[in-house]
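Student: My structure is below; once you've seen it, I'll send some questions.
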Amino acid sequence: MKENTVVAFRNPSDFQEDPLTDVLRTGARQLLSQAVEAEVASFLDTHAALVDDVGHRRVVRNGHLPERAIQTGIGPVRVRQPRVRDRGDGAIRFTSAILPRYLRRTKSLEDLLPWLYLKGISTGDFSDALAALLGTEAPGLSASTITRLKEVWGVEAERWHRRDLTAKRYVYFWADGIYFGARMEEEKQCILVIIGATDKGRKELIAITDGYRESEQSWLEVLLDLKRRGLEMGPELAVGDGALGFWKALRQVYPGAREQRCWVHKTSNVLNKLPKGLQKKAKQHLQDIWMAETRKDAEKSFNFFLAAYGPKYDKATACLAKDRDVLLTFYDFPAEHWKHIRTTNPIESTFATVRLRTYRTKGCLSRKTAMAMVFKLCQCAQGKWRKLNGSDHLAEIIHGIKFVDGERLDRAAA
C-alpha cells in the first residue's frame with residue numbers, strides 16, 4: 001500500500017455484525033462470567049468460617065449487580081457480576097480483580113485510543129470511528145473521551161518525568177533524535193529518546209523529551225536531569241548515530257561510557273554517497289564488516305571496502321572511515337548482545353510506527369499534547385520489548401570482566 005493511501009472508515013450506519021464476531025463475543029461473555037463466578041466462590045470460601053449470632057454464614061451471595069458493558073477489541077461484552085453481602089457489620093467487602101468497579105473498557109482499547117488520535121482522527125470523529133471498529137453499540141466513547149484521556153496522559157507523563165532513578169542501573173543506552181511529520185507549535189520539533197537495558201536485561205524507556213534538533217545543549221540537559229534524579233552510574237556502552245551533540249554531552253556527564261555507532265544509520269549515510277547502481281553490492285560489503293565473527297575479520301572487510309570504493313567514491317569511504325573504531329566497539333562485549341548493540345533498533349522499531357501515526361495528525365500539536373501522546377505510545381510499546389539475550393553476562397560487564405570477540409577474556413585465552 002502506498003504511503004499516501006487513505007483508508008476510510010466505513011459509515012457506522014452501514015456497519016453490520018458478522019456471525020463470527022457474535023460468536024466470539026458470546027464466548028467472551030461466558031468465559032468472563034465463569035472467571036468472576038470462580039473469583040467470588042474463592043472469596044466466599046476464604047470467609048466460610050465466619051458466622052453470625054445464630055450460626056449462619058456471615059459472608060454470602062446476594063444476587064447480582066446491574067449488568068454493564070465492557071468495551072473490548074471485539075465490541076461491547078455485557079457482564080453481570082455477583083453481589084456479595086456481609087450480614088455482620090458490613091466491614092467485609094468483595095472487590096473483583098477481574099472486573100474493577102469502574103472498569104468500562106479493556107486495557108487494549110485504552111491503547112487503541114492514542115493510536116487513533118495520532119493517526120489523524122479528530123476528537124469529533126471518534127464516535128464514528130470507534131463505532132465502525134467496535135460496532136454501533138459503543139457507549140461512553142464520545143468526542144470528549146480523548147480530551148479527558150489526554151489530560152490523564154499528560155499527568156502520567158509529568159509524574160514519570162519526575163520519577164526517582166536512584167535505584168536504577170543501566171548497562172546499555174540507546175539514544176536517538178526522532179523527527180515527526182506532525183506540525184508542532186514550537187521550534188523544538190525533535191524528540192530526544194533514551195532507552196536503557198537494566199542489569200537484568202530488561203529494556204526500559206529512560207528519557208523522552210523535546211529538544212532543539214539534536215544539539216549538544218539539548219542532550220546535555222537530558223543527561224544532567226537523569227543524574228540529578230539519581231542515575232549516578234552511567235552506562236557501560238552507549239549506542240547511537242553520528243550526531244555529535246549526544247556524544248559530546250555523554251562525555252561530559254558519563255565520561256566512562258564507551259561508544260558504539262549505529263550500523264543502520266552508518267550504512268544509510270554511506271550508501272547515500274554512492275550511485276544507486278552500486279548500493280546493493282556496497283550494502284553487502286558493509287554487512288560483511290559488522291557480521292564478521294571476529295574483529296580481525298571485520299578489519300579485513302573494512303579495508304576491502306575502503307580499497308574498492310575509495311578511488312572513485314572518496315566521500316563514501318571517508319564517511320565510513322571516520323568512525324572506524326567506534327563502529328567495532330561491540331566486539332568487546334558478549335556475542336549474545338551483538339544483535340542488540342550494533343544498532344539503535346530498539347528505538348527505531350518503536351518510533352517507526354509512532355512516526356506513521358503522527359504523519360497525518362490533523363492540525364498543529366501543542367508541546368504538551370505531543371509529549372503526552374508520544375509518552376503514551378512508548379509506554380504501550382514498552383510492554384512488548386524483548387529481554388536481551390545472554391542477560392546473565394550483564395553482571396559480568398558491570399564487574400569489569402573483559403570480552404574479546406564476544407567471549408570472556410579468560411575463556412578466550414584458554
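Chain labels run A, B, ... following the order of the C-alpha cells; each chain numbers its residues from 1, and ligands are numbered from 1 in the order shown.
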What lies within 12 Å of range 226-230 of chain A using only C-alpha atoms, ignoring chain neighbours under 3 positions off, as a list of chain:residue names?

Tutor: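 Once the nearby chain positions are removed, what remains is A:Trp160, A:His161, A:Arg162, A:Arg163, A:Asp164, A:Leu165, A:Thr166, A:Ala167, A:Lys168, A:Arg169, A:Tyr170, A:Ile194, A:Ile206, A:Ala207, A:Ile208, A:Thr209, A:Trp219, A:Leu220, A:Glu221, A:Val222, A:Leu223, A:Met233, A:Gly234, A:Pro235, A:Leu250, A:Gln252, A:Val253, A:Tyr254.
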
Student: Contacts of Ala308 in chain A at 10 Å or less, counting only C-alpha atoms, minus same-chain residues fewer than 6 places along, as a list in words?

Tutor: Ala282, His285 and Thr317 of chain A

Student: May I ask which of the residues A:Arg78, A:Lys150, A:Arg85, A:Lys281 is the closest one to Arg57 in chain A, counting only C-alpha atoms?

Tutor: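 Counting only C-alpha atoms, the residue closest to Arg57 in chain A is A:Arg85.
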
Student: DSSP on the backbone, alpha helix (DSSP H) only: what residues of range 231-264 of chain A does that give? Format it as a ChimeraX atom specification.

Tutor: /A:244-253,263-264

Student: Give me, as a ChimeraX atom specification, all polymer residues having an atom no more than 12 Å from Arg93 in chain A, counting only C-alpha atoms and skipping those fewer than 6 positions away in the same chain.

Tutor: /A:40,43-44,47,58-61,83-87

Student: Restricting it to all heavy atoms, dump the selection as a compact mmCIF listing (two decimals), in the first residue's frame.

Tutor:
# COMPACT_ATOMS: atom_id res chain seq x y z
N VAL A 40 -15.56 -15.10 42.98
CA VAL A 40 -16.49 -14.91 44.10
C VAL A 40 -16.52 -16.16 44.98
O VAL A 40 -16.52 -16.06 46.21
CB VAL A 40 -17.90 -14.58 43.57
CG1 VAL A 40 -18.93 -14.60 44.71
CG2 VAL A 40 -17.91 -13.21 42.91
N PHE A 43 -13.58 -16.23 47.19
CA PHE A 43 -13.71 -15.22 48.25
C PHE A 43 -14.63 -15.73 49.36
O PHE A 43 -14.33 -15.57 50.56
CB PHE A 43 -14.26 -13.92 47.65
CG PHE A 43 -14.40 -12.80 48.64
CD1 PHE A 43 -13.31 -12.01 48.97
CD2 PHE A 43 -15.62 -12.53 49.23
CE1 PHE A 43 -13.44 -10.96 49.88
CE2 PHE A 43 -15.77 -11.49 50.14
CZ PHE A 43 -14.66 -10.70 50.46
N LEU A 44 -15.74 -16.34 48.98
CA LEU A 44 -16.68 -16.87 49.97
C LEU A 44 -16.04 -18.00 50.78
O LEU A 44 -16.26 -18.11 52.00
CB LEU A 44 -17.95 -17.35 49.28
CG LEU A 44 -18.81 -16.27 48.61
CD1 LEU A 44 -19.98 -16.91 47.86
CD2 LEU A 44 -19.31 -15.26 49.63
N HIS A 47 -13.93 -16.85 53.66
CA HIS A 47 -14.63 -16.34 54.84
C HIS A 47 -15.72 -17.30 55.33
O HIS A 47 -16.63 -16.90 56.06
CB HIS A 47 -15.27 -14.98 54.52
CG HIS A 47 -14.27 -13.92 54.15
ND1 HIS A 47 -13.83 -13.73 52.87
CD2 HIS A 47 -13.60 -13.01 54.92
CE1 HIS A 47 -12.96 -12.74 52.84
NE2 HIS A 47 -12.79 -12.29 54.08
N ARG A 58 -21.78 -15.61 57.60
CA ARG A 58 -21.86 -14.15 57.61
C ARG A 58 -21.69 -13.54 56.23
O ARG A 58 -22.37 -12.58 55.86
CB ARG A 58 -20.78 -13.61 58.56
CG ARG A 58 -20.68 -12.11 58.61
CD ARG A 58 -19.67 -11.68 59.65
NE ARG A 58 -19.18 -10.34 59.37
CZ ARG A 58 -18.25 -9.72 60.09
NH1 ARG A 58 -17.71 -10.35 61.13
NH2 ARG A 58 -17.86 -8.51 59.77
N VAL A 59 -20.77 -14.09 55.42
CA VAL A 59 -20.49 -13.54 54.08
C VAL A 59 -21.15 -14.45 53.05
O VAL A 59 -20.79 -15.64 52.93
CB VAL A 59 -18.98 -13.44 53.83
CG1 VAL A 59 -18.71 -12.84 52.45
CG2 VAL A 59 -18.30 -12.62 54.91
N VAL A 60 -22.12 -13.91 52.34
CA VAL A 60 -22.92 -14.72 51.41
C VAL A 60 -23.13 -13.99 50.09
O VAL A 60 -22.91 -12.78 49.99
CB VAL A 60 -24.30 -15.04 52.04
CG1 VAL A 60 -24.15 -15.89 53.29
CG2 VAL A 60 -25.07 -13.74 52.34
N ARG A 61 -23.59 -14.73 49.10
CA ARG A 61 -24.01 -14.13 47.83
C ARG A 61 -25.33 -13.42 48.04
O ARG A 61 -26.16 -13.83 48.85
CB ARG A 61 -24.17 -15.19 46.75
CG ARG A 61 -22.88 -15.82 46.28
CD ARG A 61 -23.17 -16.88 45.22
NE ARG A 61 -23.86 -16.30 44.08
CZ ARG A 61 -23.37 -16.26 42.84
NH1 ARG A 61 -22.18 -16.77 42.60
NH2 ARG A 61 -24.06 -15.73 41.87
N ARG A 83 -23.22 -10.19 43.48
CA ARG A 83 -23.12 -9.28 44.61
C ARG A 83 -22.79 -10.10 45.87
O ARG A 83 -23.35 -11.19 46.08
CB ARG A 83 -24.43 -8.53 44.81
CG ARG A 83 -24.36 -7.38 45.81
CD ARG A 83 -25.75 -6.97 46.26
NE ARG A 83 -26.60 -6.65 45.14
CZ ARG A 83 -26.76 -5.42 44.62
NH1 ARG A 83 -26.08 -4.42 45.13
NH2 ARG A 83 -27.58 -5.22 43.60
N VAL A 84 -21.90 -9.60 46.70
CA VAL A 84 -21.52 -10.26 47.95
C VAL A 84 -21.93 -9.37 49.12
O VAL A 84 -21.70 -8.16 49.10
CB VAL A 84 -20.00 -10.54 47.99
CG1 VAL A 84 -19.59 -11.12 49.34
CG2 VAL A 84 -19.60 -11.50 46.87
N ARG A 85 -22.52 -10.00 50.14
CA ARG A 85 -23.03 -9.24 51.28
C ARG A 85 -22.42 -9.75 52.58
O ARG A 85 -22.32 -10.95 52.80
CB ARG A 85 -24.55 -9.37 51.34
CG ARG A 85 -25.19 -8.67 52.54
CD ARG A 85 -26.65 -9.02 52.62
NE ARG A 85 -27.28 -8.48 53.83
CZ ARG A 85 -28.47 -8.81 54.27
NH1 ARG A 85 -29.18 -9.73 53.60
NH2 ARG A 85 -28.98 -8.28 55.36
N ASP A 86 -22.02 -8.82 53.42
CA ASP A 86 -21.57 -9.13 54.77
C ASP A 86 -22.75 -8.86 55.71
O ASP A 86 -23.14 -7.71 55.92
CB ASP A 86 -20.37 -8.26 55.13
CG ASP A 86 -19.89 -8.47 56.57
OD1 ASP A 86 -20.43 -9.38 57.24
OD2 ASP A 86 -19.00 -7.72 57.01
N ARG A 87 -23.33 -9.94 56.28
CA ARG A 87 -24.51 -9.78 57.12
C ARG A 87 -24.18 -9.37 58.55
O ARG A 87 -25.07 -9.26 59.38
CB ARG A 87 -25.31 -11.09 57.14
CG ARG A 87 -25.87 -11.43 55.77
CD ARG A 87 -26.89 -12.55 55.82
NE ARG A 87 -26.31 -13.85 56.18
CZ ARG A 87 -26.94 -15.01 56.03
NH1 ARG A 87 -28.18 -15.03 55.54
NH2 ARG A 87 -26.35 -16.13 56.36

Student: Using only C-alpha atoms, which residues sit within 9 Å of Ile397 in chain A once same-chain residues fewer than 4 positions away are excluded, as a count of residues only?

Tutor: 8

Student: What residues in range 198-239 of chain A get the DSSP label strand (DSSP E)? Please answer as an NGL selection string.

Tutor: :A and (198 or 203-211 or 237-239)
